[in-house]
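Notes to accompany the following structure.
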Amino acid sequence: MSSWEGIWRRVLAAALTILVGVASAAAAPPMDKNFYLPNAAASKIVSVSKQGNPEAEVIVLTEAIAIKETGPKETVAKFGEVYAFSPTFIAIRREVPTMLTFWNLQPDDEHDFMLAAPDSTVLMHLKLMPLTKTSYIFTFHEDGIFNFYCAVHQPEMNGQILVLPPTVAK
């Protein structure tokens, strides 16, 4: 990675942290000032909790695509370390409690999970510590496409949750 790319990544990560902090100032963060669950307004769009009875579960892995320890060296030199979420696309139904379990498979790299509403408002920000599983139950109350990303590893580490209308009972 060139020195300019490294500087740009650090500036972008810092700017996102500041923006998230400003956007969440009204929320009482359950973890620390930079990581938080949806506040009262965001909970009208998506409810998130550690406890409950999920009807479905999706496991979301962090993947090391190209890292300094394993290369390929040319890719890491040109693009820096490259990570991804897997899967990058999740489809769930509105009002169906769904457990998302994040597995950070890297032994020495933190990741995070930021969820944005269809209007790009950041709804929540979680820290994903190395070699941990982190589970939350998500219940979406609005249909639409919700982008998620790791603010530390942009632009490549991102994905989408498509929230579909509830199934029609017969």
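Chain labels follow the order of the structure tokens: the first chain is A, the next B, and so on; residue numbering restarts at 1 in every chain, and ligands are counted from 1 in their shown order.
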Next item on the list: Apply DSSP to the structure's backbone, then extract all residues of range 17-129 of chain A labelled strand (DSSP E or B) and return them as a ChimeraX atom specification.
Entry: /A:32,35-36,46-49,56-67,71,82-86,89-93,98-104,111-116,122-128
Note to self: Need to verify the contact set: Leu164 in chain A, 6 Å, only C-alpha atoms, exclusion of same-chain residues closer than 2 positions in sequence. Can you return it as a VMD selection string?
What the structure shows: chain A and resid 93 to 94 143
How close does range 50-153 of chain A get to range 33-39 of chain A? List, as CSV, each residue of range 50-153 of chain A within 6 Å, its nearest atom pair and the distance in Å to one decimal, counting only C-alpha atoms.
residue,atom,partner,partner_atom,distance
A:Leu123,CA,A:Pro38,CA,5.3
A:Met124,CA,A:Leu37,CA,4.8
A:His125,CA,A:Phe35,CA,4.9
A:Leu126,CA,A:Phe35,CA,5.2
Those residues with C-alpha atoms, as a PDB file, in the first residue's frame please?
ATOM      1  CA  LEU A 123     -28.438   2.681  12.656  1.00  0.00           C
ATOM      2  CA  MET A 124     -25.849   0.809  14.704  1.00  0.00           C
ATOM      3  CA  HIS A 125     -22.131   0.110  15.039  1.00  0.00           C
ATOM      4  CA  LEU A 126     -20.671  -3.056  16.615  1.00  0.00           C
TER       5      LEU A 126
END
Next item on the list: Find the residues around Asp112 in chain A up to 12 Å (only C-alpha atoms counted), leave out those fewer than 2 positions away in its own chain, and share them as an NGL selection string.
Entry: :A and (13 or 16-17 or 34-36 or 61-62 or 83-85 or 102-104 or 109-110 or 114-115 or 124-130 or 132 or 134 or 148-154 or 157-158)
Item checked: Atom-to-atom span, CA of Ile67 in chain A and CA of Val82 in chain A, Å ->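 Calculated distance between CA of Ile67 in chain A and CA of Val82 in chain A is 6.3 Å.
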Note to self: Between A:Ile65, A:Ala41, A:Ala91, A:Val48, which residue has the minimum interatomic distance to Ile137 in chain A, considering only C-alpha atoms?
What the structure shows: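 Going through A:Ile65, A:Ala41, A:Ala91, A:Val48 one by one, the smallest distance to Ile137 in chain A is for A:Val48.
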Next item on the list: Would you work out the distance separating CA of Met99 in chain A from CA of Pro87 in chain A, expressed in Å to one decimal?
Entry: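 Rounded to one decimal, the two atoms are 14.3 Å apart.
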Next item on the list: Rank A:Lys44, A:Phe113, A:Leu105, A:Leu100 by their smallest atom-to-atom distance to Ala64 in chain A, using only C-alpha atoms, and report the top residue only.
Entry: A:Leu105
Check: Which residue gives the smallest distance to Ala117 in chain A among A:Gly71, A:Pro155, A:Pro97, A:Gly144, with only C-alpha atoms counted?
Finding: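 Once distances to Ala117 in chain A are computed over only C-alpha atoms, the minimum belongs to A:Gly144.
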Next item on the list: Have a look at A:Ile145, A:Pro165, A:Ser120, A:Glu156 and name the one nearest to Gly80 in chain A; count only C-alpha atoms.
Entry: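 The closest residue to Gly80 in chain A is A:Glu156.
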Notebook entry, point to check: From the list A:Ala77, A:Leu162, A:Leu131, A:Val46, which residue is nearest Glu63 in chain A when using only C-alpha atoms?
Noted result: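 The shortest atom-to-atom distance to Glu63 in chain A comes from A:Leu131.
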